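What's in protein_29.txt: compact mmCIF, C-alpha atoms
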# COMPACT_ATOMS: atom_id res chain seq x y z
CA MET A 285 27.17 -20.93 36.74
CA SER A 286 25.60 -19.79 39.98
CA ASP A 287 21.89 -19.68 40.72
CA LEU A 288 22.11 -15.88 40.83
CA PHE A 289 23.50 -15.83 37.28
CA GLU A 290 20.71 -18.04 35.98
CA ARG A 291 18.02 -16.11 37.87
CA LEU A 292 19.24 -12.74 36.63
CA TRP A 293 19.44 -13.96 33.04
CA ALA A 294 15.87 -15.29 33.24
CA GLU A 295 14.73 -11.82 34.41
CA VAL A 296 16.89 -9.80 32.04
CA ARG A 297 15.89 -11.64 28.86
CA LYS A 298 12.29 -10.46 29.42
CA LEU A 299 13.34 -6.77 29.34
CA ASP A 300 13.32 -4.69 26.13
CA GLU A 301 16.32 -2.60 27.15
CA PHE A 302 18.44 -2.34 30.28
CA ASP A 303 21.63 -0.87 31.74
CA TRP A 304 23.79 -2.06 34.65
CA GLN A 305 21.51 -0.31 37.15
CA ALA A 306 18.47 -2.23 35.96
CA VAL A 307 20.41 -5.49 36.38
CA SER A 308 21.65 -4.39 39.78
CA ASN A 309 18.08 -3.60 40.88
CA LEU A 310 17.17 -7.22 40.26
CA GLY A 311 19.29 -8.13 43.27
CA CYS A 312 23.06 -7.92 42.85
CA SER A 313 25.92 -5.50 43.38
CA ARG A 314 27.15 -3.04 40.74
CA GLU A 315 30.32 -5.03 40.12
CA THR A 316 28.36 -8.25 39.62
CA ALA A 317 25.91 -6.53 37.25
CA VAL A 318 28.76 -5.12 35.14
CA ARG A 319 30.57 -8.48 35.10
CA TYR A 320 27.43 -10.36 34.05
CA LEU A 321 26.64 -7.80 31.35
CA ARG A 322 30.13 -8.24 29.93
CA HIS A 323 29.76 -12.00 30.01
CA TRP A 324 26.36 -11.95 28.27
CA ARG A 325 27.66 -9.48 25.66
CA ASP A 326 30.76 -11.58 24.88
CA SER A 327 28.68 -14.73 24.54
CA GLY A 328 26.29 -12.95 22.11
CA LYS A 329 23.21 -13.15 24.34
CA ILE A 330 22.81 -9.39 24.48
CA ARG A 331 24.01 -6.52 22.30
CA LEU A 332 24.66 -2.84 22.76
CA SER A 333 21.49 -1.05 21.70
CA ARG A 334 22.55 2.56 22.26
CA VAL A 335 24.91 4.83 24.13
CA ALA A 336 23.12 7.65 25.97
CA ARG A 337 24.37 11.23 25.88
CA ASN A 338 25.94 10.81 29.32
CA GLY A 339 27.89 7.80 28.02
CA LYS A 340 25.73 5.18 29.70
CA ARG A 341 25.47 1.96 27.71
CA TRP A 342 22.09 0.36 27.18
CA TYR A 343 21.76 -3.26 26.15
CA ALA A 344 19.01 -5.41 24.67
CA PRO A 345 18.61 -9.18 24.24
CA SER A 346 20.03 -10.16 20.85
CA ASP A 347 16.79 -11.81 19.72
CA ARG A 348 14.76 -8.58 20.11
CA PRO A 349 14.39 -5.99 17.31
CA LEU A 350 16.44 -2.87 17.85
CA PRO A 351 14.62 -0.18 19.86
CA GLY A 352 14.51 3.37 18.53
CA PRO A 353 14.48 4.39 14.87
CA GLN A 354 14.16 1.52 12.42
CA PRO A 355 15.68 1.42 8.92
CA VAL A 356 14.20 3.91 6.48
CA THR A 357 11.11 2.42 4.90
CA GLY A 358 10.81 2.10 1.15
CA GLU A 359 7.33 3.59 1.09
CA ALA A 360 7.04 6.61 -1.22
CA THR A 361 5.39 9.63 0.40
CA PRO A 362 5.12 13.26 -0.76
CA GLU A 363 7.14 14.46 2.26
CA GLY A 364 9.74 11.73 1.75
CA ASN A 365 10.26 12.64 -1.90
CA MET A 366 10.37 16.39 -1.18
CA TRP A 367 12.81 15.88 1.70
CA ARG A 368 15.07 13.76 -0.52
CA ALA A 369 14.94 16.45 -3.23
CA MET A 370 15.82 19.10 -0.65
CA ARG A 371 18.81 17.08 0.55
CA CYS A 372 20.08 16.60 -3.01
CA LEU A 373 19.50 20.22 -4.11
CA ARG A 374 20.46 21.57 -0.71
CA ASN A 375 22.15 24.87 -1.67
CA SER A 376 19.32 26.54 -3.53
CA PHE A 377 15.87 25.37 -4.55
CA THR A 378 12.39 26.76 -5.08
CA PRO A 379 9.06 25.01 -4.39
CA LEU A 380 8.82 24.57 -8.18
CA ASP A 381 12.14 22.66 -8.19
CA LEU A 382 10.92 20.49 -5.32
CA ALA A 383 7.66 19.62 -7.05
CA ALA A 384 9.45 18.91 -10.35
CA HIS A 385 11.95 16.56 -8.66
CA ALA A 386 9.51 14.91 -6.24
CA ASN A 387 6.86 13.88 -8.79
CA ALA A 388 8.18 10.34 -9.15
CA GLY A 389 7.62 6.86 -7.83
CA GLY A 390 3.83 7.14 -8.06
CA VAL A 391 3.69 10.17 -5.76
CA GLU A 392 1.95 13.37 -6.83
CA VAL A 393 3.34 16.64 -5.46
CA THR A 394 1.75 19.92 -6.50
CA VAL A 395 3.56 23.26 -6.36
CA GLU A 396 1.10 24.37 -3.66
CA LYS A 397 1.98 21.34 -1.53
CA ALA A 398 5.70 22.03 -2.01
CA ARG A 399 5.18 25.69 -0.98
CA ALA A 400 3.33 24.65 2.16
CA TYR A 401 6.03 22.10 3.09
CA CYS A 402 8.76 24.73 2.59
CA ARG A 403 6.90 27.18 4.83
CA GLN A 404 6.55 24.53 7.55
CA LEU A 405 10.24 23.61 7.42
CA LEU A 406 11.17 27.30 7.40
CA ALA A 407 9.20 27.72 10.62
CA SER A 408 10.91 24.69 12.18
CA GLY A 409 14.38 26.07 11.34
CA HIS A 410 15.30 23.46 8.72
CA LEU A 411 15.36 26.00 5.87
CA ARG A 412 16.56 29.53 5.27
CA VAL A 413 15.20 31.98 2.70
CA LEU A 414 17.76 32.93 0.06
CA GLU A 415 15.51 35.04 -2.12
CA MET A 416 12.08 36.42 -1.31
CA ALA A 417 9.12 35.51 -3.49
CA ILE A 418 7.35 38.06 -5.69
CA PRO A 419 3.75 36.81 -5.87
CA GLY A 420 2.78 35.84 -9.39
CA ARG A 421 6.27 36.48 -10.78
CA ARG A 422 8.92 34.63 -8.80
CA GLU A 423 9.08 31.73 -6.34
CA ALA A 424 11.01 32.04 -3.07
CA ALA A 425 14.42 30.35 -3.06
CA TYR A 426 15.45 28.33 -0.01
CA ARG A 427 18.54 26.62 1.37
CA LEU A 428 18.57 23.52 3.57
CA ILE A 429 20.47 24.38 6.75
CA GLU A 430 19.44 21.49 9.03
CA ASP A 431 19.91 18.13 7.34
CA THR A 432 18.89 15.91 10.23
CA GLY A 433 18.88 12.57 8.40
CA PRO A 434 17.13 10.41 5.84
CA ARG A 435 13.68 10.38 7.45
CA ALA A 436 11.47 13.26 6.30
CA PRO A 437 10.27 15.71 8.94
CA LYS A 438 6.50 15.86 8.74
CA PRO A 439 3.86 18.07 10.31
CA VAL A 440 1.80 16.48 13.07
CA ARG A 441 -0.97 17.78 15.28
CA LEU A 442 -0.41 17.02 18.93
CA ALA A 443 -3.25 16.57 21.37
CA GLY A 444 -2.54 17.37 24.99
CA ILE A 445 -2.84 19.87 27.80
CA LEU A 446 -1.15 23.28 27.76
CA ASP A 447 -0.94 24.96 31.14
CA PRO A 448 -0.75 28.72 30.47
CA ASN A 449 0.39 29.34 34.05
CA THR A 450 3.60 27.40 33.67
CA GLY A 451 3.82 27.17 29.88
CA GLU A 452 4.16 23.38 30.16
CA PHE A 453 2.68 21.09 27.55
CA ALA A 454 1.77 17.54 28.51
CA PRO A 455 1.00 15.36 25.47
CA ALA A 456 -2.17 13.30 25.77
CA LYS A 457 -1.69 9.56 26.01
CA GLY A 458 -1.70 8.09 22.55
CA GLY A 459 0.42 10.82 20.96
CA ALA A 460 -0.55 12.56 17.75
CA ALA A 461 -4.17 13.30 16.99
CA MET B 170 -0.03 21.99 -11.17
CA THR B 171 2.12 18.86 -10.86
CA PRO B 172 5.35 19.54 -12.76
CA SER B 173 7.72 16.68 -13.52
CA ILE B 174 11.15 16.62 -15.09
CA ALA B 175 11.15 12.83 -15.52
CA PRO B 176 10.82 13.09 -19.36
CA LEU B 177 14.16 14.94 -19.67
CA ARG B 178 16.73 12.88 -21.60
CA ASN B 179 19.25 12.81 -18.76
CA VAL B 180 16.71 11.82 -16.15
CA ALA B 181 15.22 9.15 -18.41
CA ALA B 182 18.72 7.79 -19.08
CA LEU B 183 19.50 7.33 -15.37
CA ILE B 184 16.05 5.91 -14.59
CA GLY B 185 16.54 3.45 -17.47
CA LEU B 186 19.97 2.51 -16.11
CA VAL B 187 18.64 1.81 -12.59
CA GLU B 188 15.79 -0.20 -14.11
CA ARG B 189 18.24 -2.29 -16.16
CA VAL B 190 20.42 -3.05 -13.14
CA GLN B 191 17.48 -3.83 -10.88
CA THR B 192 15.86 -6.22 -13.35
CA ARG B 193 19.09 -7.80 -14.55
CA ALA B 194 19.21 -11.49 -15.30
CA PHE B 195 20.60 -13.89 -12.73
CA GLY B 196 24.39 -13.95 -12.73
CA LEU B 197 24.91 -10.53 -14.32
CA PRO B 198 26.86 -7.89 -12.39
CA GLY B 199 24.88 -5.32 -10.44
CA MET B 200 27.02 -2.19 -10.54
CA ALA B 201 26.67 0.58 -13.13
CA THR B 202 28.16 3.99 -13.84
CA PHE B 203 26.49 7.21 -14.93
CA TYR B 204 29.08 9.77 -15.96
CA GLY B 205 29.30 13.22 -17.48
CA PRO B 206 30.86 16.65 -17.16
CA SER B 207 30.10 18.82 -14.17
CA GLY B 208 26.90 20.86 -14.51
CA TRP B 209 25.08 18.60 -16.97
CA GLY B 210 22.34 17.70 -14.51
CA LYS B 211 23.65 14.44 -13.04
CA THR B 212 22.51 15.36 -9.52
CA THR B 213 19.11 16.40 -10.91
CA ALA B 214 18.80 12.99 -12.53
CA VAL B 215 19.96 11.30 -9.30
CA THR B 216 17.25 13.10 -7.32
CA VAL B 217 14.43 12.01 -9.61
CA ALA B 218 15.76 8.46 -9.97
CA ALA B 219 16.12 8.16 -6.18
CA ASN B 220 12.52 9.29 -5.75
CA GLU B 221 11.37 6.90 -8.46
CA TYR B 222 13.03 3.84 -6.85
CA GLN B 223 13.23 5.05 -3.23
CA ALA B 224 16.96 4.61 -3.53
CA HIS B 225 19.53 5.49 -0.88
CA VAL B 226 21.69 8.41 -2.03
CA VAL B 227 25.13 9.23 -0.66
CA GLN B 228 27.03 12.26 -1.93
CA VAL B 229 30.74 11.66 -1.36
CA LYS B 230 33.01 14.53 -0.38
CA ASP B 231 36.70 14.93 -1.10
CA CYS B 232 37.69 14.85 2.57
CA TRP B 233 35.90 11.56 3.42
CA THR B 234 37.72 8.52 4.77
CA PRO B 235 36.62 4.87 4.34
CA THR B 236 35.21 4.83 7.88
CA TYR B 237 33.23 8.01 7.30
CA PHE B 238 31.94 6.66 3.97
CA ALA B 239 30.63 3.51 5.68
CA GLN B 240 29.12 5.58 8.49
CA ALA B 241 27.40 7.86 5.97
CA ILE B 242 25.77 4.90 4.19
CA LEU B 243 24.75 3.43 7.53
CA ARG B 244 23.15 6.74 8.49
CA GLU B 245 21.44 7.03 5.11
CA ILE B 246 19.91 3.58 5.44
CA GLY B 247 18.78 4.46 8.95
CA LEU B 248 20.71 1.82 10.87
CA THR B 249 22.17 2.32 14.32
CA PRO B 250 25.95 2.79 14.31
CA VAL B 251 28.15 -0.24 14.84
CA ARG B 252 31.84 -0.27 15.57
CA GLY B 253 34.43 -1.09 12.92
CA VAL B 254 34.26 -0.88 9.13
CA PRO B 255 33.84 -4.68 8.61
CA ALA B 256 30.82 -4.75 10.93
CA MET B 257 29.39 -1.67 9.19
CA VAL B 258 29.79 -3.26 5.73
CA ASP B 259 28.06 -6.42 7.00
CA ALA B 260 25.16 -4.41 8.47
CA ILE B 261 24.78 -2.35 5.26
CA GLY B 262 25.00 -5.44 3.08
CA ALA B 263 22.38 -7.30 5.12
CA GLN B 264 19.93 -4.40 5.03
CA LEU B 265 20.38 -3.71 1.29
CA ALA B 266 19.98 -7.42 0.55
CA ARG B 267 16.78 -7.46 2.59
CA THR B 268 15.19 -4.43 0.88
CA ASP B 269 16.90 -4.67 -2.57
CA ARG B 270 16.75 -0.89 -2.83
CA PRO B 271 19.43 0.69 -5.05
CA LEU B 272 22.36 2.58 -3.56
CA ILE B 273 23.35 5.63 -5.61
CA VAL B 274 26.80 7.08 -4.89
CA ASP B 275 27.03 10.64 -6.23
CA ASP B 276 30.42 12.28 -6.89
CA ALA B 277 31.92 8.79 -7.02
CA GLN B 278 35.20 10.12 -8.46
CA TYR B 279 36.19 10.88 -4.87
CA LEU B 280 35.89 7.17 -4.04
CA LEU B 281 38.98 6.47 -6.11
CA ARG B 282 41.13 8.04 -3.46
CA LYS B 283 41.87 6.39 -0.10
CA ARG B 284 40.69 2.97 -1.38
CA MET B 285 37.04 3.80 -0.79
CA ILE B 286 36.08 2.23 -4.14
CA GLU B 287 37.03 -1.17 -2.68
CA LEU B 288 34.50 -0.50 0.08
CA ALA B 289 31.77 0.16 -2.51
CA ARG B 290 32.63 -3.18 -4.11
CA ASP B 291 32.49 -4.93 -0.71
CA ILE B 292 29.04 -3.48 -0.10
CA TYR B 293 27.86 -4.68 -3.50
CA GLU B 294 29.35 -8.13 -2.93
CA SER B 295 27.70 -8.54 0.46
CA SER B 296 24.28 -7.31 -0.71
CA GLN B 297 24.07 -7.95 -4.49
CA ALA B 298 21.78 -4.91 -4.51
CA PRO B 299 22.14 -2.39 -7.38
CA VAL B 300 25.01 0.05 -6.77
CA ILE B 301 25.08 3.01 -9.17
CA LEU B 302 28.21 5.16 -9.31
CA VAL B 303 27.64 8.71 -10.56
CA GLY B 304 30.68 10.79 -11.35
CA GLU B 305 32.63 12.98 -13.69
CA GLU B 306 33.50 12.31 -17.32
CA LYS B 307 36.75 10.48 -16.57
CA LEU B 308 35.25 8.06 -14.04
CA PRO B 309 34.92 5.03 -16.40
CA GLN B 310 38.53 5.45 -17.54
CA ASP B 311 39.77 5.82 -13.97
CA LEU B 312 37.86 2.71 -12.88
CA THR B 313 39.88 0.54 -15.29
CA ARG B 314 42.67 0.64 -12.69
CA TRP B 315 40.56 -1.67 -10.51
CA GLU B 316 39.84 -4.67 -12.66
CA ASN B 317 37.61 -6.34 -10.06
CA ILE B 318 35.36 -3.26 -10.04
CA HIS B 319 35.49 -2.65 -13.78
CA ASN B 320 34.31 -6.22 -14.36
CA ARG B 321 31.30 -5.77 -12.11
CA GLN B 322 29.83 -2.94 -14.20
CA LEU B 323 26.68 -3.93 -16.04
CA ALA B 324 26.50 -0.72 -18.07
CA TRP B 325 28.12 2.69 -18.57
CA GLU B 326 25.63 5.43 -19.32
CA PRO B 327 26.81 8.89 -20.41
CA ALA B 328 24.96 11.98 -19.20
CA LEU B 329 23.49 14.09 -21.99
CA ALA B 330 23.65 17.84 -22.41
CA CYS B 331 20.39 19.77 -22.17
CA ASN B 332 19.19 20.47 -25.72
CA LEU B 333 16.25 22.24 -27.33
CA SER B 334 13.82 19.36 -26.79
CA ASP B 335 14.71 19.31 -23.07
CA ALA B 336 14.28 23.09 -22.91
CA GLU B 337 10.84 22.77 -24.53
CA LYS B 338 9.86 20.40 -21.69
CA LEU B 339 11.26 22.74 -19.04
CA ALA B 340 9.52 25.86 -20.39
CA PRO B 341 5.97 24.97 -19.23
CA ILE B 342 7.38 24.28 -15.73
CA TYR B 343 9.74 27.20 -15.14
CA ALA B 344 7.98 29.75 -17.36
CA ALA B 345 4.39 28.73 -16.64
CA GLY B 346 1.85 31.26 -17.89
CA VAL B 347 4.26 32.71 -20.47
CA ASP B 348 4.92 31.63 -24.07
CA VAL B 349 8.64 31.42 -24.70
CA ALA B 350 9.46 32.16 -28.34
CA ALA B 351 11.70 29.78 -30.27
CA ASP B 352 14.41 32.42 -30.77
CA LEU B 353 14.71 33.08 -27.03
CA LEU B 354 14.60 29.35 -26.19
CA GLY B 355 17.38 28.65 -28.70
CA ALA B 356 19.49 31.48 -27.29
CA ILE B 357 18.95 30.18 -23.73
CA VAL B 358 20.04 26.65 -24.71
CA ASP B 359 23.14 27.99 -26.49
CA ALA B 360 24.09 30.18 -23.53
CA SER B 361 23.46 27.54 -20.87
CA GLY B 362 26.18 25.15 -22.03
CA GLY B 363 24.09 21.99 -21.62
CA SER B 364 23.14 22.66 -18.00
CA ILE B 365 19.53 21.90 -17.02
CA ARG B 366 19.87 24.14 -13.99
CA ARG B 367 20.98 27.18 -16.03
CA VAL B 368 18.22 26.65 -18.60
CA ALA B 369 15.71 26.58 -15.73
CA ILE B 370 17.18 29.76 -14.19
CA ASN B 371 17.12 31.62 -17.53
CA LEU B 372 13.55 30.49 -18.20
CA ALA B 373 12.48 31.70 -14.76
CA ARG B 374 14.12 35.08 -15.46
CA ALA B 375 12.34 35.31 -18.82
CA LYS B 376 9.06 34.62 -17.05
CA GLU B 377 9.77 37.24 -14.40
CA LEU B 378 10.63 39.75 -17.10
CA ALA B 379 7.49 39.05 -19.15
CA MET B 380 5.23 39.13 -16.09
CA GLY B 381 6.80 42.42 -15.01
CA ARG B 382 6.03 43.95 -18.43
CA GLY B 383 2.53 42.45 -18.55
CA ARG B 384 3.32 40.40 -21.67
CA ARG B 385 2.34 36.84 -22.55
CA LEU B 386 5.18 36.28 -25.01
CA ALA B 387 8.84 36.24 -24.03
CA ASP B 388 11.15 36.62 -27.03
CA LEU B 389 14.64 37.88 -27.79
CA GLU B 390 13.33 41.41 -28.38
CA LEU B 391 11.92 41.47 -24.84
CA TRP B 392 15.13 39.97 -23.44
CA GLY B 393 17.16 42.72 -25.09
CA ASN B 394 20.86 42.82 -24.26
CA ARG B 395 20.50 41.24 -20.82
CA VAL B 396 23.15 38.72 -19.90
CA PHE B 397 22.16 35.02 -19.74
CA ASP B 398 23.20 32.88 -16.80
CA THR B 399 26.03 31.02 -18.52
CA GLY B 400 27.97 29.84 -15.50
CA GLN B 401 31.04 31.58 -16.87
CA PRO B 402 32.93 34.01 -14.66
CA PRO B 403 32.58 37.67 -15.65
CA ALA B 404 35.07 38.94 -18.21
CA VAL B 405 38.25 40.59 -16.93
CA ARG B 406 37.95 44.38 -16.93
CA ARG B 407 40.98 46.46 -17.90
CA VAL B 408 41.81 49.17 -15.42
CA ASP B 409 42.82 51.49 -18.30
CA ASP B 410 39.22 51.45 -19.53
CA PHE B 411 38.13 53.26 -16.36
CA ARG B 412 40.94 55.90 -16.24
CA PRO B 413 40.12 59.33 -17.61
CA VAL B 414 42.19 59.93 -20.70
CA ALA B 415 44.60 62.90 -20.14
CA THR B 416 44.52 65.03 -23.27
CA ARG B 417 47.83 66.72 -23.88
CA SER B 418 47.46 70.12 -25.43
CA ALA B 419 50.00 71.51 -27.85
CA ASP B 420 51.18 74.33 -25.53
CA THR B 421 52.33 71.87 -22.83
CA VAL B 422 54.82 70.31 -25.22
CA VAL B 423 58.17 71.96 -24.77
CA PRO B 424 60.28 71.78 -27.94
CA LEU B 425 63.86 70.64 -27.55
CA GLY B 426 66.66 72.76 -28.90
CA PRO B 427 70.06 71.67 -30.13
CA GLY B 428 71.92 69.65 -27.47
CA GLY B 429 68.71 68.13 -26.12
CA LYS B 430 67.83 71.07 -23.82
CA ALA B 431 64.43 72.65 -23.62
CA VAL B 432 64.14 75.97 -25.32
CA ARG B 433 62.81 78.59 -22.88
CA ALA B 434 60.64 81.36 -24.11
What is this file in structure tokens?
Amino acid sequence: MSDLFERLWAEVRKLDEFDWQAVSNLGCSRETAVRYLRHWRDSGKIRLSRVARNGKRWYAPSDRPLPGPQPVTGEATPEGNMWRAMRCLRNSFTPLDLAAHANAGGVEVTVEKARAYCRQLLASGHLRVLEMAIPGRREAAYRLIEDTGPRAPKPVRLAGILDPNTGEFAPAKGGAA
Amino acid sequence: MTPSIAPLRNVAALIGLVERVQTRAFGLPGMATFYGPSGWGKTTAVTVAANEYQAHVVQVKDCWTPTYFAQAILREIGLTPVRGVPAMVDAIGAQLARTDRPLIVDDAQYLLRKRMIELARDIYESSQAPVILVGEEKLPQDLTRWENIHNRQLAWEPALACNLSDAEKLAPIYAAGVDVAADLLGAIVDASGGSIRRVAINLARAKELAMGRGRRLADLELWGNRVFDTGQPPAVRRVDDFRPVATRSADTVVPLGPGGKAVRA
């Protein structure tokens, strides 16, 4: 193989994720970058890590862990159990149903916690109200309308800067507070 | 208040089944089947068992194909999609083997079509992780057609109908703050046809009724002639019952004379 091939591979294997443009920017033409990517992929040195919405293919060295979402963890959390109960009982459930089904695996879920979680997911558009609550007499009934996947949506508080002039929100470095 | 339906017979049966498969001795098969008629609380049991063991749950639909089934499991486990069913089965098998978390397949009777049941066996073979099939009453009989799958079943556990003891455990949850009398509880169990869901709905209605009347005790007298949620369709109404009955008075009847002709006055 040429010196260029060896040099590019030495550079590319240090990257977490790359596309043909990133390879090309290291000092070769588009055609060469695409040809080298195909060669590395066929020889098992790199693998397809994701396909972007515009169809662009991103690759990663095969010895690196996959970027993006990792397999669902086996850790039991109140939100995880409630989310799983919602996905199983998706057509109609009350906070009482959620609490009754989610109290398992060493996790404690009170009816109040289930009510609060339902209200948060209602606000985020995951749930729809089927039947209104009558305080003291009847619980509200909900339906899951946005089943986004196995990981439970959870409330977070974001720290950052909101510019009221433009309405833009810039999250502070470090993410959630 | 932290309500739990884990002590219900059905839920305990499925949790016990998952426990048996997960702690099976070396060399024993790792698949099992939980079966019962529709509406007996199998999905309720699946939900609690999945939360107890952090299991992956896939609910199969009638229209699924083998590719879609593999994709659904991949999604449920949280893996990035790979191309081709063999590669998907390998990825699923590797991840399940790594975590040893059970895979529960609800509505597994739909797997018997389009050779999807073979895919479930492949996943079990490549992972050796517990695979629990949950399906309708005939599922064990239907599985005998695939000897290689039938042989891999460690146990067959029937779902149990909701009875009075289950209803007594549900009453403090769904009718909290109200005492449900034995006569009403018995009537609810009889009307609910073994369904946990319907017992819970009827208990919640009894609570709502008692709270609305300001009473602490809900009994059959309070319930009156209200209809229980039985899951049965409403009875067919006869149109004739709603038609006004035309009364024919004697003077409208015209007597016939000889020869079959009406006699005019």
Using all atoms listed in the file, which residues of chain A come within 6 Å of chain B, and what is the closest atom pair for each, with the distance in Å to one decimal? Give it as a Markdown table, sorted by chain and residue number.
| residue | atom | partner | partner_atom | distance |
| --- | --- | --- | --- | --- |
| A:Pro355 | CA | B:Gly247 | CA | 4.3 |
| A:Val356 | CA | B:Gly247 | CA | 5.2 |
| A:Gly358 | CA | B:Gln223 | CA | 5.8 |
| A:Asn365 | CA | B:Asn220 | CA | 5.6 |
| A:Ala369 | CA | B:Thr216 | CA | 5.8 |
| A:Ala384 | CA | B:Ser173 | CA | 4.2 |
| A:His385 | CA | B:Val217 | CA | 5.3 |
| A:Asn387 | CA | B:Ser173 | CA | 5.6 |
| A:Ala388 | CA | B:Glu221 | CA | 4.7 |
| A:Gly389 | CA | B:Glu221 | CA | 3.8 |
| A:Val393 | CA | B:Thr171 | CA | 6.0 |
| A:Thr394 | CA | B:Thr171 | CA | 4.5 |
| A:Arg421 | CA | B:Glu377 | CA | 5.1 |
| A:Pro434 | CA | B:Glu245 | CA | 5.5 |
> Contacts of region 294-300 of chain B at 10 Å or less, counting all atoms listed in the file, minus same-chain residues fewer than 6 places along, as a ChimeraX atom specification?
Replying inline: /B:187-193,198-202,224-225,258-274,288,321-323
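Between CA of Pro345 (chain A) and CA of Cys312 (chain A) lies a distance of 19.2 Å.
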> Counting all atoms listed in the file, what is within 7 Å of Asp348 (chain B), bar same-chain residues fewer than 5 positions away, as an NGL selection string?
Replying inline: :B and (385-387)
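Here CA of Leu389 (chain B) stands at a distance of 4.9 Å from CA of Leu353 (chain B).
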>> For a test of reading the model, state the distance in Å between CA of Ile286 (chain B) and CA of Asn320 (chain B), rounded to one decimal.
In response: 13.4 Å
> Residues at most 9 Å from Glu396 (chain A), counting all atoms listed in the file, excluding those fewer than 5 positions away in the same chain, as a count of residues only?
Replying inline: 5
> What's the 6 Å shell around region 406-416 of chain A, counting only C-alpha atoms, without same-chain residues fewer than 2 positions away, as a VMD selection string?
Replying inline: chain A and resid 402 to 404 424 to 430
Could you work out an axis-aligned bounding box for all listed atoms of region 207-221 of chain B, with 4 Å added on each of the six sides, and give its centre and edge lengths in Å to one decimal, as lines of an AutoDock Vina configuration file?
center_x = 20.7
center_y = 13.9
center_z = -11.4
size_x = 26.7
size_y = 22.0
size_z = 19.2
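When only C-alpha atoms are used to measure the gap to Thr316 (chain A), the shortest distance among A:Leu292, A:Arg297, A:Gly328, A:Val335 belongs to A:Leu292.
Taking all atoms listed in the file, the non-local environment of Arg282 (chain B) within 10 Å (same-chain residues fewer than 5 positions away omitted) comprises Asp231, Cys232, Trp233, Thr234, Pro235 and Ala277 of chain B.
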> At most 12 Å from (15.0, -8.9, 31.2), file frame, all atoms listed in the file: which residues, as JSON, numbers by chain?
Replying inline: {"A": [290, 291, 292, 293, 294, 295, 296, 297, 298, 299, 300, 301, 302, 303, 304, 306, 307, 308, 309, 310, 321, 329, 330, 343, 344, 345, 346, 347, 348]}
